[in-house]
Amino acid sequence: MALKIHPINLGNMQMDSSGLVMFRNPGEQVTIPVLGFLITGGEEPILVDTGSRNAQQYEEYGLTYEVTPQMTLEYHLAQHGLRMKDIRHIVHTHAHIDHVGMTDLFPMATTVGISRRELEFAASGLSLIHISEPTRQEAI
């Protein structure tokens with residue numbers, strides 16, 4: 001059986017356009033979907049990203065976040081006859097709050113994958129700070 005990738009909208013975030021592409025249309029508010037993906041057709045379903053825990057997380061940053069009943073993780077899984085306990089693997093693209101907020105609601109037996117570098121930043125508390133690699137000149 002072939003794998004099927006199902007995009008799932010886990011919420012809508014409003015933000016300044018320049019937050020998506022630096023210096024692009026500053027002051028212009030845009031609404032972007034927070035996407036995850038459900039992969040079916042393999043031995044076990046795989047979830048890519050789990051969305052945000054709640055809209056209150058965004059208030060601290062001055063952002064508006066909307067989640068309707070049709071944007072919940074439970075709703076999307078139910079559309080495929082699944083529940084959270086049926087997901088055996090979660091893959092996180094990165095550790096921002098709009099991608100990893102619901103991971104702890106899955107059973108402990110669920111395998112969660114994320115890049116080592118993302119995990120290091122998330123665990124260090126530096127995940128909101130951009131740290132660049134030193135240039136060759138700085139390294140000498």
# chains A, B, ... in the order shown; residues from 1 in each chain; ligands from 1
call {"tool": "residues_around", "arguments": {"residues": "Val91 in chain A", "least_positions_apart": "6", "cutoff": "8 Å", "atoms": "only C-alpha atoms", "output": "number ranges by chain"}}
result
A: 46-49, 112-114
call {"tool": "write_last_selection", "arguments": {"atoms": "all heavy atoms", "output": "PDB file, in the first residue's frame"}}
result
ATOM      1  N   ILE A  46       2.135   7.951  11.144  1.00  0.00           N
ATOM      2  CA  ILE A  46       3.188   8.845  11.625  1.00  0.00           C
ATOM      3  C   ILE A  46       2.632  10.257  11.620  1.00  0.00           C
ATOM      4  O   ILE A  46       1.978  10.678  10.663  1.00  0.00           O
ATOM      5  CB  ILE A  46       4.437   8.777  10.717  1.00  0.00           C
ATOM      6  CG1 ILE A  46       5.011   7.363  10.700  1.00  0.00           C
ATOM      7  CG2 ILE A  46       5.487   9.799  11.146  1.00  0.00           C
ATOM      8  CD1 ILE A  46       6.086   7.142   9.647  1.00  0.00           C
ATOM      9  N   LEU A  47       2.900  10.996  12.688  1.00  0.00           N
ATOM     10  CA  LEU A  47       2.470  12.380  12.784  1.00  0.00           C
ATOM     11  C   LEU A  47       3.696  13.281  12.700  1.00  0.00           C
ATOM     12  O   LEU A  47       4.686  13.060  13.402  1.00  0.00           O
ATOM     13  CB  LEU A  47       1.732  12.611  14.108  1.00  0.00           C
ATOM     14  CG  LEU A  47       1.141  13.986  14.327  1.00  0.00           C
ATOM     15  CD1 LEU A  47       0.071  14.317  13.293  1.00  0.00           C
ATOM     16  CD2 LEU A  47       0.572  14.085  15.741  1.00  0.00           C
ATOM     17  N   VAL A  48       3.635  14.271  11.832  1.00  0.00           N
ATOM     18  CA  VAL A  48       4.703  15.271  11.728  1.00  0.00           C
ATOM     19  C   VAL A  48       4.177  16.551  12.353  1.00  0.00           C
ATOM     20  O   VAL A  48       3.257  17.169  11.825  1.00  0.00           O
ATOM     21  CB  VAL A  48       5.115  15.504  10.260  1.00  0.00           C
ATOM     22  CG1 VAL A  48       6.205  16.584  10.176  1.00  0.00           C
ATOM     23  CG2 VAL A  48       5.572  14.212   9.606  1.00  0.00           C
ATOM     24  N   ASP A  49       4.720  16.899  13.504  1.00  0.00           N
ATOM     25  CA  ASP A  49       4.369  18.064  14.312  1.00  0.00           C
ATOM     26  C   ASP A  49       3.000  17.897  14.977  1.00  0.00           C
ATOM     27  O   ASP A  49       2.114  17.245  14.440  1.00  0.00           O
ATOM     28  CB  ASP A  49       4.443  19.365  13.524  1.00  0.00           C
ATOM     29  CG  ASP A  49       5.877  19.731  13.163  1.00  0.00           C
ATOM     30  OD1 ASP A  49       6.803  19.299  13.880  1.00  0.00           O
ATOM     31  OD2 ASP A  49       6.078  20.453  12.176  1.00  0.00           O
ATOM     32  N   VAL A 112       9.369   9.816  19.611  1.00  0.00           N
ATOM     33  CA  VAL A 112       9.407  11.189  19.130  1.00  0.00           C
ATOM     34  C   VAL A 112      10.792  11.459  18.562  1.00  0.00           C
ATOM     35  O   VAL A 112      11.800  11.237  19.232  1.00  0.00           O
ATOM     36  CB  VAL A 112       9.088  12.193  20.263  1.00  0.00           C
ATOM     37  CG1 VAL A 112       9.164  13.625  19.752  1.00  0.00           C
ATOM     38  CG2 VAL A 112       7.722  11.898  20.863  1.00  0.00           C
ATOM     39  N   GLY A 113      10.828  11.939  17.329  1.00  0.00           N
ATOM     40  CA  GLY A 113      12.096  12.252  16.687  1.00  0.00           C
ATOM     41  C   GLY A 113      12.221  13.745  16.408  1.00  0.00           C
ATOM     42  O   GLY A 113      11.259  14.400  16.020  1.00  0.00           O
ATOM     43  N   ILE A 114      13.417  14.274  16.667  1.00  0.00           N
ATOM     44  CA  ILE A 114      13.741  15.674  16.385  1.00  0.00           C
ATOM     45  C   ILE A 114      15.255  15.731  16.180  1.00  0.00           C
ATOM     46  O   ILE A 114      15.990  14.914  16.743  1.00  0.00           O
ATOM     47  CB  ILE A 114      13.275  16.604  17.527  1.00  0.00           C
ATOM     48  CG1 ILE A 114      13.366  18.079  17.118  1.00  0.00           C
ATOM     49  CG2 ILE A 114      14.016  16.319  18.814  1.00  0.00           C
ATOM     50  CD1 ILE A 114      12.637  19.027  18.043  1.00  0.00           C
TER      51      ILE A 114
END
call {"tool": "residues_around", "arguments": {"residues": "range 57-66 of chain A", "least_positions_apart": "5", "cutoff": "7 Å", "atoms": "only C-alpha atoms", "output": "PyMOL selection string"}}
result
chain A and resi 11-15
call {"tool": "residues_around", "arguments": {"residues": "Asp86 in chain A", "least_positions_apart": "5", "cutoff": "10 Å", "atoms": "only C-alpha atoms", "output": "list in words"}}
result
Glu44, Pro45, Ile46, Leu77, Gly81, Phe106, Pro107 and Thr110 of chain A
call {"tool": "write_last_selection", "arguments": {"atoms": "N, CA and C atoms", "output": "PDB file, in the first residue's frame"}}
result
ATOM      1  N   GLU A  44       2.357   1.723  10.592  1.00  0.00           N
ATOM      2  CA  GLU A  44       1.739   2.525  11.650  1.00  0.00           C
ATOM      3  C   GLU A  44       1.671   3.973  11.176  1.00  0.00           C
ATOM      4  N   PRO A  45       0.634   4.715  11.604  1.00  0.00           N
ATOM      5  CA  PRO A  45       0.568   6.120  11.201  1.00  0.00           C
ATOM      6  C   PRO A  45       1.681   6.932  11.862  1.00  0.00           C
ATOM      7  N   ILE A  46       2.135   7.951  11.144  1.00  0.00           N
ATOM      8  CA  ILE A  46       3.188   8.845  11.625  1.00  0.00           C
ATOM      9  C   ILE A  46       2.632  10.257  11.620  1.00  0.00           C
ATOM     10  N   LEU A  77      -7.242  13.476  13.574  1.00  0.00           N
ATOM     11  CA  LEU A  77      -6.991  12.036  13.697  1.00  0.00           C
ATOM     12  C   LEU A  77      -8.289  11.249  13.516  1.00  0.00           C
ATOM     13  N   GLY A  81     -10.025   7.758  11.448  1.00  0.00           N
ATOM     14  CA  GLY A  81     -10.321   6.641  12.332  1.00  0.00           C
ATOM     15  C   GLY A  81      -9.247   6.392  13.377  1.00  0.00           C
ATOM     16  N   PHE A 106       0.648  12.506  24.202  1.00  0.00           N
ATOM     17  CA  PHE A 106       0.693  11.175  23.603  1.00  0.00           C
ATOM     18  C   PHE A 106       1.250  10.180  24.623  1.00  0.00           C
ATOM     19  N   PRO A 107       0.932   8.892  24.461  1.00  0.00           N
ATOM     20  CA  PRO A 107       1.465   7.885  25.392  1.00  0.00           C
ATOM     21  C   PRO A 107       2.993   7.879  25.404  1.00  0.00           C
ATOM     22  N   THR A 110       5.068   6.342  22.601  1.00  0.00           N
ATOM     23  CA  THR A 110       5.194   6.998  21.302  1.00  0.00           C
ATOM     24  C   THR A 110       6.635   7.459  21.112  1.00  0.00           C
TER      25      THR A 110
END
call {"tool": "select_by_dssp", "arguments": {"residues": "range 82-117 of chain A", "states": "helix (DSSP H, G or I)", "output": "VMD selection string"}}
result
chain A and resid 84 to 86 97 to 100 103 to 105 116 to 117
call {"tool": "residues_around", "arguments": {"residues": "Thr68 in chain A", "least_positions_apart": "6", "cutoff": "12 Å", "atoms": "only C-alpha atoms", "output": "PDB file with N, CA, C and O atoms, in the first residue's frame"}}
result
ATOM      1  N   ASN A   9      -4.386  21.355   9.298  1.00  0.00           N
ATOM      2  CA  ASN A   9      -4.271  22.706   9.833  1.00  0.00           C
ATOM      3  C   ASN A   9      -4.572  22.639  11.323  1.00  0.00           C
ATOM      4  O   ASN A   9      -5.682  22.316  11.727  1.00  0.00           O
ATOM      5  N   LEU A  10      -3.585  22.944  12.146  1.00  0.00           N
ATOM      6  CA  LEU A  10      -3.707  22.855  13.594  1.00  0.00           C
ATOM      7  C   LEU A  10      -3.971  24.207  14.242  1.00  0.00           C
ATOM      8  O   LEU A  10      -4.015  24.317  15.459  1.00  0.00           O
ATOM      9  N   GLY A  11      -4.155  25.245  13.440  1.00  0.00           N
ATOM     10  CA  GLY A  11      -4.450  26.575  13.963  1.00  0.00           C
ATOM     11  C   GLY A  11      -4.052  27.639  12.960  1.00  0.00           C
ATOM     12  O   GLY A  11      -3.375  27.355  11.965  1.00  0.00           O
ATOM     13  N   ASN A  12      -4.491  28.861  13.211  1.00  0.00           N
ATOM     14  CA  ASN A  12      -4.121  30.004  12.376  1.00  0.00           C
ATOM     15  C   ASN A  12      -3.473  31.057  13.252  1.00  0.00           C
ATOM     16  O   ASN A  12      -4.012  31.422  14.296  1.00  0.00           O
ATOM     17  N   ASN A  54      -2.087  25.873  23.304  1.00  0.00           N
ATOM     18  CA  ASN A  54      -3.261  26.735  23.424  1.00  0.00           C
ATOM     19  C   ASN A  54      -2.949  28.130  22.883  1.00  0.00           C
ATOM     20  O   ASN A  54      -1.792  28.470  22.643  1.00  0.00           O
ATOM     21  N   ALA A  55      -3.998  28.923  22.730  1.00  0.00           N
ATOM     22  CA  ALA A  55      -3.843  30.268  22.175  1.00  0.00           C
ATOM     23  C   ALA A  55      -3.156  31.220  23.150  1.00  0.00           C
ATOM     24  O   ALA A  55      -2.529  32.196  22.730  1.00  0.00           O
ATOM     25  N   GLU A  74      -7.189  16.024  17.748  1.00  0.00           N
ATOM     26  CA  GLU A  74      -8.136  14.930  17.920  1.00  0.00           C
ATOM     27  C   GLU A  74      -9.101  14.856  16.738  1.00  0.00           C
ATOM     28  O   GLU A  74      -9.420  13.775  16.243  1.00  0.00           O
ATOM     29  N   TYR A  75      -9.582  16.009  16.272  1.00  0.00           N
ATOM     30  CA  TYR A  75     -10.499  16.050  15.138  1.00  0.00           C
ATOM     31  C   TYR A  75      -9.840  15.474  13.886  1.00  0.00           C
ATOM     32  O   TYR A  75     -10.432  14.639  13.193  1.00  0.00           O
ATOM     33  N   HIS A  76      -8.633  15.935  13.595  1.00  0.00           N
ATOM     34  CA  HIS A  76      -7.943  15.469  12.380  1.00  0.00           C
ATOM     35  C   HIS A  76      -7.679  13.967  12.428  1.00  0.00           C
ATOM     36  O   HIS A  76      -7.852  13.268  11.433  1.00  0.00           O
TER      37      HIS A  76
END
call {"tool": "atom_distance", "arguments": {"atom1": "CA of His89 in chain A", "atom2": "CA of Thr40 in chain A"}}
result
11.4 Å
call {"tool": "atom_distance", "arguments": {"atom1": "CA of Glu118 in chain A", "atom2": "CA of Leu82 in chain A"}}
result
28.3 Å
call {"tool": "select_by_dssp", "arguments": {"residues": "range 54-132 of chain A", "states": "strand (DSSP E or B)", "output": "JSON, numbers by chain"}}
result
{"A": [64, 65, 66, 89, 90, 91, 111, 112, 113]}
call {"tool": "atom_distance", "arguments": {"atom1": "CA of Thr31 in chain A", "atom2": "CA of Ile5 in chain A"}}
result
23.4 Å
